[in-house]
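S.K.: I have a structure here, written as structure tokens, and I will follow up with some questions on it.
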Amino acid sequence: MKQFLVDNIKKILGYKSTSTLEILKKKGLQVGENFTMREGCIIDYSHAWHIKIGDDVILAPRVHILAHDASTWTFLGYSKIKNVSIGNRVFIGAGSIILPGVTIGNDVIVGAGSIVTKSIPDNCVYAGNPAKFITQTDRYIESERLRMTSENCFGREFSEAESVTSENKELLKKMAEKYGVAFVK
């Protein structure tokens, strides 16, 4: 809410609004096509040029990506800097942290709340603290595809919380309970 008010006051006063992503790009962050960064994400502002993100990447809310480690500052007067690379077709779940020096391959899913301390190869699902291998991405996607039915798959009208009717909310809850999961676009 505070940022909303600040942004609107700036508009009224004639300030030109620049998104956080645009500022990070000007600082050297490399981002591919179809990149989505949800609210609350933090990409290392002071070392953005050490971070490269590929095509079709989604950062869920509150993801942090760090390219520096200041743990040595008090003792050595220097921070450690390491590059971070995120491949193509990657989903990083809410609240996850990507630490300096990590390379994430293509076709990767990182589960919510994960702390990624080591590099992740292509076609893998990782989760946990520290993040550990769970399964191959293609196996996970196929197992989820098999759980989809005509009864538990729903359109966009079921996914926008503010506009979902009470009837649709109840139907979605009922199908999620019946099948153990429901899918929305």
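Chain lettering (A, B, ...) mirrors the order of the structure tokens, residue numbering begins at 1 for each chain separately, and ligand numbering begins at 1 in order of display.
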For region 36-45 of chain A, please output as a PyMOL selection string all residues within 6 Å (counting only C-alpha atoms; exclusion window: fewer than 4 positions along the same chain).
M.R.: chain A and resi 58-66
S.K.: Write a file of the just-selected residues containing C-alpha atoms, as a PDB file, in the first residue's frame.
M.R.:
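The result, stored in part-v2.pdb:
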```
ATOM      1  CA  ILE A  58       8.962 -17.282 -13.518  1.00  0.00           C
ATOM      2  CA  LEU A  59       9.996 -16.014 -10.100  1.00  0.00           C
ATOM      3  CA  ALA A  60       7.088 -16.554  -7.698  1.00  0.00           C
ATOM      4  CA  PRO A  61       6.515 -13.982  -4.909  1.00  0.00           C
ATOM      5  CA  ARG A  62       9.396 -13.120  -2.556  1.00  0.00           C
ATOM      6  CA  VAL A  63      12.182 -14.946  -4.428  1.00  0.00           C
ATOM      7  CA  HIS A  64      15.663 -13.617  -3.611  1.00  0.00           C
ATOM      8  CA  ILE A  65      18.620 -13.922  -5.969  1.00  0.00           C
ATOM      9  CA  LEU A  66      22.000 -12.963  -4.513  1.00  0.00           C
TER      10      LEU A  66
END
```
S.K.: I'd like the interatomic distance between CA of Ala131 (chain A) and CA of Phe91 (chain A), to a tenth of an Å.
M.R.: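 One can read the CA of Ala131 (chain A) to CA of Phe91 (chain A) distance as 14.0 Å.
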S.K.: So how far away is CA of Ser96 (chain A) from CA of Glu162 (chain A), in Å?
M.R.: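 Computing the Euclidean distance for CA of Glu162 (chain A) and CA of Ser96 (chain A) yields 25.9 Å.
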S.K.: Considering only C-alpha atoms, can you say which of A:Glu170, A:Val181, A:Val164, A:Ile120 comes closest to Met148 (chain A)?
M.R.: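 Looking at the shortest contact to Met148 (chain A), the residue is A:Val181.
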S.K.: According to DSSP computed on the backbone, where in chain A is there alpha helix (DSSP H)? Give the residues as number ranges by chain.
M.R.: A: 2-13, 20-26, 73-76, 137-147, 166-179
S.K.: Taking 3 positions as the minimum chain separation for residues in the same chain, which residues sit within 7 Å of Gly105 (chain A) when counting only C-alpha atoms? Answer as a short mmCIF file (atom, residue, chain, number, x, y, z; two decimals) with N, CA, C and O atoms, in the first residue's frame.
M.R.:
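Final output, result18.cif:
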```cif
data_model
loop_
_atom_site.label_atom_id
_atom_site.label_comp_id
_atom_site.auth_asym_id
_atom_site.auth_seq_id
_atom_site.Cartn_x
_atom_site.Cartn_y
_atom_site.Cartn_z
N ILE A 86 20.58 -18.51 -14.53
CA ILE A 86 19.34 -19.28 -14.50
C ILE A 86 18.96 -19.56 -15.95
O ILE A 86 18.88 -18.64 -16.77
N GLY A 87 18.75 -20.82 -16.29
CA GLY A 87 18.48 -21.24 -17.66
C GLY A 87 17.10 -20.89 -18.16
O GLY A 87 16.41 -20.03 -17.61
N VAL A 108 13.84 -26.50 -15.17
CA VAL A 108 14.01 -26.76 -13.74
C VAL A 108 12.84 -26.16 -12.96
O VAL A 108 12.34 -25.09 -13.29
N ILE A 120 22.11 -26.58 -10.07
CA ILE A 120 21.08 -27.56 -10.41
C ILE A 120 21.18 -27.88 -11.89
O ILE A 120 21.13 -26.97 -12.72
N PRO A 121 21.31 -29.17 -12.25
CA PRO A 121 21.38 -29.52 -13.68
C PRO A 121 20.04 -29.40 -14.38
O PRO A 121 19.00 -29.21 -13.75
N ASP A 122 20.06 -29.54 -15.70
CA ASP A 122 18.84 -29.51 -16.51
C ASP A 122 17.84 -30.58 -16.06
O ASP A 122 18.23 -31.62 -15.53
#
```
S.K.: For CA of Asn129 (chain A) and CA of Ile115 (chain A), determine how far apart the two atoms are, in Å to one decimal place.
M.R.: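 CA of Asn129 (chain A) sits 5.0 Å away from CA of Ile115 (chain A).
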S.K.: Name the closest residue to Asp138 (chain A) among the candidates A:Asn106, A:Lys178, A:His68, A:Glu157; distances are taken between atoms, counting only C-alpha atoms.
M.R.: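 Once distances to Asp138 (chain A) are computed over only C-alpha atoms, the minimum belongs to A:Asn106.
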S.K.: Fewer than 3 positions away in the same chain doesn't count, so skip those; otherwise give me all residues within 12 Å of Gln30 (chain A), counting only C-alpha atoms, as a list of chain:residue names.
M.R.: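 In the requested format, the answer is A:Leu21, A:Glu22, A:Ile23, A:Leu24, A:Lys25, A:Lys26, A:Lys27, A:Glu33, A:Phe35, A:Ile43, A:His47, A:Ala48, A:Trp49, A:His50, A:Ile51, A:Lys52, A:Ile53, A:Gly54, A:Asp55, A:Asn83, A:Val84, A:Ser85, A:Ile86, A:Gly87.
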S.K.: Which residues come within 6 Å of Val125 (chain A), counting only C-alpha atoms, excluding same-chain residues fewer than 4 positions away, as a ChimeraX atom specification?
M.R.: /A:108-110,134-137
S.K.: Determine which residues of chain A DSSP labels as strand (DSSP E) from the backbone of this structure, then write them out as number ranges by chain.
M.R.: A: 30-31, 36-37, 42-43, 51-53, 57-59, 64-65, 68-69, 80-81, 84-86, 90-92, 97-98, 103-104, 108-110, 115-116, 124-127, 132-136, 153-154, 183-184
S.K.: Can you spit out the residues from that selection as a CSV table (one decimal), in the first residue's frame, using N, CA and C atoms?
M.R.:
```
chain,number,residue,atom,x,y,z
A,30,GLN,N,20.8,-9.4,-16.9
A,30,GLN,CA,20.4,-9.9,-18.2
A,30,GLN,C,19.2,-10.8,-18.0
A,31,VAL,N,18.2,-10.5,-18.8
A,31,VAL,CA,16.9,-11.2,-18.7
A,31,VAL,C,16.4,-11.6,-20.1
A,36,THR,N,8.9,-13.4,-15.9
A,36,THR,CA,7.9,-12.9,-15.0
A,36,THR,C,8.5,-12.9,-13.6
A,37,MET,N,8.4,-11.7,-12.9
A,37,MET,CA,8.9,-11.5,-11.6
A,37,MET,C,7.7,-11.1,-10.7
A,42,ILE,N,13.4,-10.0,-4.8
A,42,ILE,CA,14.6,-9.2,-4.6
A,42,ILE,C,15.7,-9.8,-5.4
A,43,ILE,N,16.2,-9.0,-6.4
A,43,ILE,CA,17.4,-9.4,-7.2
A,43,ILE,C,18.5,-8.5,-6.8
A,51,ILE,N,24.2,-11.4,-12.7
A,51,ILE,CA,23.0,-12.3,-12.8
A,51,ILE,C,22.5,-12.3,-14.2
A,52,LYS,N,22.3,-13.6,-14.7
A,52,LYS,CA,21.8,-13.8,-16.0
A,52,LYS,C,20.6,-14.7,-15.9
A,53,ILE,N,19.5,-14.3,-16.5
A,53,ILE,CA,18.2,-15.1,-16.4
A,53,ILE,C,17.7,-15.4,-17.8
A,57,VAL,N,11.1,-17.7,-17.8
A,57,VAL,CA,11.4,-17.9,-16.3
A,57,VAL,C,10.4,-17.2,-15.5
A,58,ILE,N,9.9,-17.9,-14.5
A,58,ILE,CA,9.0,-17.3,-13.5
A,58,ILE,C,9.6,-17.3,-12.1
A,59,LEU,N,9.6,-16.1,-11.5
A,59,LEU,CA,10.0,-16.0,-10.1
A,59,LEU,C,8.7,-15.8,-9.3
A,64,HIS,N,14.4,-14.4,-3.7
A,64,HIS,CA,15.7,-13.6,-3.6
A,64,HIS,C,16.8,-14.3,-4.4
A,65,ILE,N,17.5,-13.4,-5.2
A,65,ILE,CA,18.6,-13.9,-6.0
A,65,ILE,C,19.8,-13.0,-5.6
A,68,HIS,N,26.2,-11.6,-4.2
A,68,HIS,CA,27.3,-11.3,-3.3
A,68,HIS,C,27.0,-11.9,-2.0
A,69,ASP,N,28.1,-12.1,-1.2
A,69,ASP,CA,28.1,-12.6,0.1
A,69,ASP,C,29.0,-11.7,1.0
A,80,LYS,N,32.4,-11.3,-1.0
A,80,LYS,CA,32.6,-12.3,-2.1
A,80,LYS,C,31.6,-12.0,-3.1
A,81,ILE,N,32.0,-12.1,-4.4
A,81,ILE,CA,31.1,-11.9,-5.5
A,81,ILE,C,31.2,-13.2,-6.4
A,84,VAL,N,25.6,-15.7,-11.0
A,84,VAL,CA,24.4,-16.5,-11.0
A,84,VAL,C,23.8,-16.6,-12.4
A,85,SER,N,23.5,-17.8,-12.8
A,85,SER,CA,22.9,-18.1,-14.1
A,85,SER,C,21.7,-19.0,-13.9
A,86,ILE,N,20.6,-18.5,-14.5
A,86,ILE,CA,19.3,-19.3,-14.5
A,86,ILE,C,19.0,-19.6,-16.0
A,90,VAL,N,12.3,-22.1,-16.4
A,90,VAL,CA,12.6,-22.3,-15.0
A,90,VAL,C,11.5,-21.7,-14.2
A,91,PHE,N,11.0,-22.4,-13.2
A,91,PHE,CA,10.1,-21.9,-12.2
A,91,PHE,C,10.7,-21.9,-10.9
A,92,ILE,N,10.8,-20.8,-10.2
A,92,ILE,CA,11.3,-20.7,-8.8
A,92,ILE,C,10.2,-20.4,-7.9
A,97,ILE,N,15.4,-18.8,-2.1
A,97,ILE,CA,16.6,-18.0,-2.1
A,97,ILE,C,17.7,-18.7,-3.0
A,98,ILE,N,18.2,-18.0,-4.0
A,98,ILE,CA,19.2,-18.5,-4.8
A,98,ILE,C,20.5,-17.8,-4.4
A,103,THR,N,24.3,-22.0,-10.6
A,103,THR,CA,23.8,-22.1,-12.0
A,103,THR,C,22.6,-23.1,-12.0
A,104,ILE,N,21.5,-22.6,-12.5
A,104,ILE,CA,20.3,-23.4,-12.6
A,104,ILE,C,20.1,-23.7,-14.1
A,108,VAL,N,13.8,-26.5,-15.2
A,108,VAL,CA,14.0,-26.8,-13.7
A,108,VAL,C,12.8,-26.2,-13.0
A,109,ILE,N,12.4,-26.9,-11.9
A,109,ILE,CA,11.5,-26.4,-11.0
A,109,ILE,C,12.1,-26.4,-9.6
A,110,VAL,N,12.1,-25.2,-8.9
A,110,VAL,CA,12.6,-25.1,-7.6
A,110,VAL,C,11.4,-24.9,-6.7
A,115,ILE,N,16.2,-23.2,-0.4
A,115,ILE,CA,17.5,-22.4,-0.4
A,115,ILE,C,18.4,-23.1,-1.3
A,116,VAL,N,18.7,-22.5,-2.4
A,116,VAL,CA,19.6,-23.2,-3.4
A,116,VAL,C,21.0,-22.7,-3.2
A,124,CYS,N,15.4,-31.0,-13.8
A,124,CYS,CA,15.3,-31.4,-12.4
A,124,CYS,C,14.3,-30.6,-11.6
A,125,VAL,N,13.7,-31.3,-10.6
A,125,VAL,CA,12.9,-30.6,-9.6
A,125,VAL,C,13.8,-30.7,-8.3
A,126,TYR,N,14.0,-29.5,-7.6
A,126,TYR,CA,14.7,-29.5,-6.4
A,126,TYR,C,13.8,-28.7,-5.4
A,127,ALA,N,14.0,-29.1,-4.1
A,127,ALA,CA,13.2,-28.4,-3.0
A,127,ALA,C,13.9,-28.7,-1.7
A,132,LYS,N,17.4,-30.0,-2.4
A,132,LYS,CA,17.9,-31.3,-2.8
A,132,LYS,C,17.1,-31.8,-4.0
A,133,PHE,N,17.7,-32.8,-4.7
A,133,PHE,CA,17.0,-33.4,-5.9
A,133,PHE,C,15.7,-34.1,-5.4
A,134,ILE,N,14.6,-33.9,-6.2
A,134,ILE,CA,13.4,-34.6,-5.9
A,134,ILE,C,13.1,-35.6,-7.0
A,135,THR,N,13.1,-35.1,-8.2
A,135,THR,CA,12.8,-36.0,-9.4
A,135,THR,C,13.2,-35.2,-10.7
A,136,GLN,N,13.0,-35.9,-11.8
A,136,GLN,CA,13.2,-35.2,-13.1
A,136,GLN,C,12.0,-34.4,-13.4
A,153,CYS,N,-10.1,-29.5,-13.8
A,153,CYS,CA,-9.3,-28.5,-14.5
A,153,CYS,C,-10.3,-27.3,-14.8
A,154,PHE,N,-9.8,-26.1,-14.5
A,154,PHE,CA,-10.7,-24.9,-14.5
A,154,PHE,C,-10.0,-23.8,-15.2
A,183,PHE,N,-6.7,-27.9,-10.8
A,183,PHE,CA,-5.8,-27.2,-11.7
A,183,PHE,C,-6.5,-26.0,-12.3
A,184,VAL,N,-5.9,-24.8,-12.3
A,184,VAL,CA,-6.5,-23.6,-12.8
A,184,VAL,C,-5.5,-23.0,-13.8
```
S.K.: Of the candidates A:Gly101, A:Glu144, A:Leu172, A:Leu29, which shows the shortest atom-to-atom distance to Phe158 (chain A), using only C-alpha atoms?
M.R.: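 Going through A:Gly101, A:Glu144, A:Leu172, A:Leu29 one by one, the smallest distance to Phe158 (chain A) is for A:Leu172.
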